[in-house]
Amino acid sequence: MQPALTFQFERAVHEYAQWRSVPEDQRSEAAAWWWGTAIAAVDETATMPVEWCATLGVADESSYAEGAAVFMKALAGQTYLPWPDGFPGKSKAIEVD
């Protein structure tokens with residue numbers, strides 16, 4: 001697996017954990033920028049680190065492709081994608097008097 005893809009995947013795993021830590025009713029839509037990482041890893045058979053498997057909720061020794069499927073599932077069916085400043089929680093409305 002290419003080091004650059006490993007780095008991107010690691011970042012996405014950490015963001016995914018951050019996103020999942022927000023209560024669902026306050027959580028933004030999944031991050032659109034995970035899409036590229038997921039597509040790049042869709043055929044990767046290398047084994048992910050066990051910590052990443054736990055974070056993504058897949059079995060120990062799962063492949064990067066199985067991790068990529070988690071990101072794709074999170075993105076599936078979305079009609080709205082968050083701006084980076086609206087992630088991982090929903091943006092709060094500002095009241096104007």
# chains A, B, ... in the order shown; residues from 1 in each chain; ligands from 1
$ residues_around --residues "Ala17 (chain A)" --least-positions-apart "5" --cutoff "10 Å" --atoms "only C-alpha atoms" --output "list in words"
Ala12, Val22, Trp52, Ala54, Thr55, Leu56 and Pro88 of chain A
$ residues_around --residues "region 75-78 of chain A" --least-positions-apart "5" --cutoff "9 Å" --atoms "only C-alpha atoms" --output "list in words"
Glu29, Ala30, Ala31, Ala32, Trp34, Trp35 and Val70 of chain A
$ write_last_selection --atoms "C-alpha atoms" --output "PDB file, in the first residue's frame"
ATOM      1  CA  GLU A  29     -23.449  14.600   7.393  1.00  0.00           C
ATOM      2  CA  ALA A  30     -20.406  12.405   6.681  1.00  0.00           C
ATOM      3  CA  ALA A  31     -17.338  14.176   5.353  1.00  0.00           C
ATOM      4  CA  ALA A  32     -17.344  14.396   1.568  1.00  0.00           C
ATOM      5  CA  TRP A  34     -13.619  10.661   2.675  1.00  0.00           C
ATOM      6  CA  TRP A  35     -14.903   9.679  -0.747  1.00  0.00           C
ATOM      7  CA  VAL A  70     -17.445   1.822   6.059  1.00  0.00           C
TER       8      VAL A  70
END
$ residues_around --residues "Arg27 (chain A)" --least-positions-apart "6" --cutoff "7 Å" --atoms "only C-alpha atoms" --output "PDB file with N, CA, C and O atoms, in the first residue's frame"
ATOM      1  N   TRP A  19     -16.239  12.164  14.339  1.00  0.00           N
ATOM      2  CA  TRP A  19     -17.603  12.313  13.840  1.00  0.00           C
ATOM      3  C   TRP A  19     -18.571  11.439  14.632  1.00  0.00           C
ATOM      4  O   TRP A  19     -19.641  11.890  15.035  1.00  0.00           O
ATOM      5  N   PRO A  88     -17.354  18.045  12.876  1.00  0.00           N
ATOM      6  CA  PRO A  88     -18.225  16.878  12.795  1.00  0.00           C
ATOM      7  C   PRO A  88     -19.649  17.124  13.283  1.00  0.00           C
ATOM      8  O   PRO A  88     -20.517  16.286  13.115  1.00  0.00           O
ATOM      9  N   GLY A  89     -19.881  18.306  13.882  1.00  0.00           N
ATOM     10  CA  GLY A  89     -21.230  18.611  14.353  1.00  0.00           C
ATOM     11  C   GLY A  89     -21.938  19.539  13.403  1.00  0.00           C
ATOM     12  O   GLY A  89     -21.319  20.196  12.573  1.00  0.00           O
ATOM     13  N   LYS A  90     -23.250  19.575  13.511  1.00  0.00           N
ATOM     14  CA  LYS A  90     -24.031  20.476  12.672  1.00  0.00           C
ATOM     15  C   LYS A  90     -23.702  21.909  13.033  1.00  0.00           C
ATOM     16  O   LYS A  90     -23.454  22.232  14.197  1.00  0.00           O
TER      17      LYS A  90
END
$ select_by_dssp --residues "region 35-87 of chain A" --states "alpha helix (DSSP H)" --output "PyMOL selection string"
chain A and resi 35-41+50-56+64-75
$ residues_around --residues "region 39-48 of chain A" --least-positions-apart "6" --cutoff "7 Å" --atoms "only C-alpha atoms" --output "PyMOL selection string"
chain A and resi 1+61-65+68
$ write_last_selection --atoms "N, CA and C atoms" --output "PDB file, in the first residue's frame"
ATOM      1  N   MET A   1       0.854  -1.167   0.000  1.00  0.00           N
ATOM      2  CA  MET A   1       0.000   0.000   0.000  1.00  0.00           C
ATOM      3  C   MET A   1       0.902   1.232   0.000  1.00  0.00           C
ATOM      4  N   GLU A  61      -8.047  -7.452  11.820  1.00  0.00           N
ATOM      5  CA  GLU A  61      -7.362  -7.924  10.612  1.00  0.00           C
ATOM      6  C   GLU A  61      -8.188  -7.717   9.348  1.00  0.00           C
ATOM      7  N   SER A  62      -9.107  -6.767   9.376  1.00  0.00           N
ATOM      8  CA  SER A  62      -9.860  -6.430   8.160  1.00  0.00           C
ATOM      9  C   SER A  62      -8.943  -5.686   7.198  1.00  0.00           C
ATOM     10  N   SER A  63      -9.275  -5.750   5.944  1.00  0.00           N
ATOM     11  CA  SER A  63      -8.485  -5.078   4.920  1.00  0.00           C
ATOM     12  C   SER A  63      -8.866  -3.608   4.822  1.00  0.00           C
ATOM     13  N   TYR A  64      -8.011  -2.860   4.169  1.00  0.00           N
ATOM     14  CA  TYR A  64      -8.320  -1.450   3.900  1.00  0.00           C
ATOM     15  C   TYR A  64      -9.600  -1.353   3.063  1.00  0.00           C
ATOM     16  N   ALA A  65      -9.824  -2.316   2.181  1.00  0.00           N
ATOM     17  CA  ALA A  65     -11.041  -2.316   1.367  1.00  0.00           C
ATOM     18  C   ALA A  65     -12.284  -2.406   2.248  1.00  0.00           C
ATOM     19  N   ALA A  68     -12.720   0.921   3.742  1.00  0.00           N
ATOM     20  CA  ALA A  68     -13.243   1.841   2.736  1.00  0.00           C
ATOM     21  C   ALA A  68     -14.759   1.687   2.606  1.00  0.00           C
TER      22      ALA A  68
END
$ residues_around --residues "Phe87 (chain A)" --least-positions-apart "4" --cutoff "7 Å" --atoms "only C-alpha atoms" --output "ChimeraX atom specification"
/A:28,82-83
$ select_by_dssp --residues "chain A" --states "strand (DSSP E or B)" --output "PDB file with N, CA, C and O atoms, in the first residue's frame"
ATOM      1  N   ARG A  27     -24.890  15.494  14.865  1.00  0.00           N
ATOM      2  CA  ARG A  27     -23.806  15.159  13.945  1.00  0.00           C
ATOM      3  C   ARG A  27     -24.081  15.702  12.540  1.00  0.00           C
ATOM      4  O   ARG A  27     -25.195  15.633  12.036  1.00  0.00           O
ATOM      5  N   THR A  47      -3.857  -5.501   5.431  1.00  0.00           N
ATOM      6  CA  THR A  47      -4.561  -5.484   6.703  1.00  0.00           C
ATOM      7  C   THR A  47      -4.378  -4.145   7.406  1.00  0.00           C
ATOM      8  O   THR A  47      -3.270  -3.635   7.496  1.00  0.00           O
ATOM      9  N   SER A  63      -9.275  -5.750   5.944  1.00  0.00           N
ATOM     10  CA  SER A  63      -8.485  -5.078   4.920  1.00  0.00           C
ATOM     11  C   SER A  63      -8.866  -3.608   4.822  1.00  0.00           C
ATOM     12  O   SER A  63      -9.919  -3.190   5.318  1.00  0.00           O
ATOM     13  N   GLY A  89     -19.881  18.306  13.882  1.00  0.00           N
ATOM     14  CA  GLY A  89     -21.230  18.611  14.353  1.00  0.00           C
ATOM     15  C   GLY A  89     -21.938  19.539  13.403  1.00  0.00           C
ATOM     16  O   GLY A  89     -21.319  20.196  12.573  1.00  0.00           O
TER      17      GLY A  89
END
$ closest_residue --among "A:Pro49, A:Arg20, A:Thr37, A:Gln8" --to "Ala69 (chain A)" --atoms "only C-alpha atoms"
A:Thr37
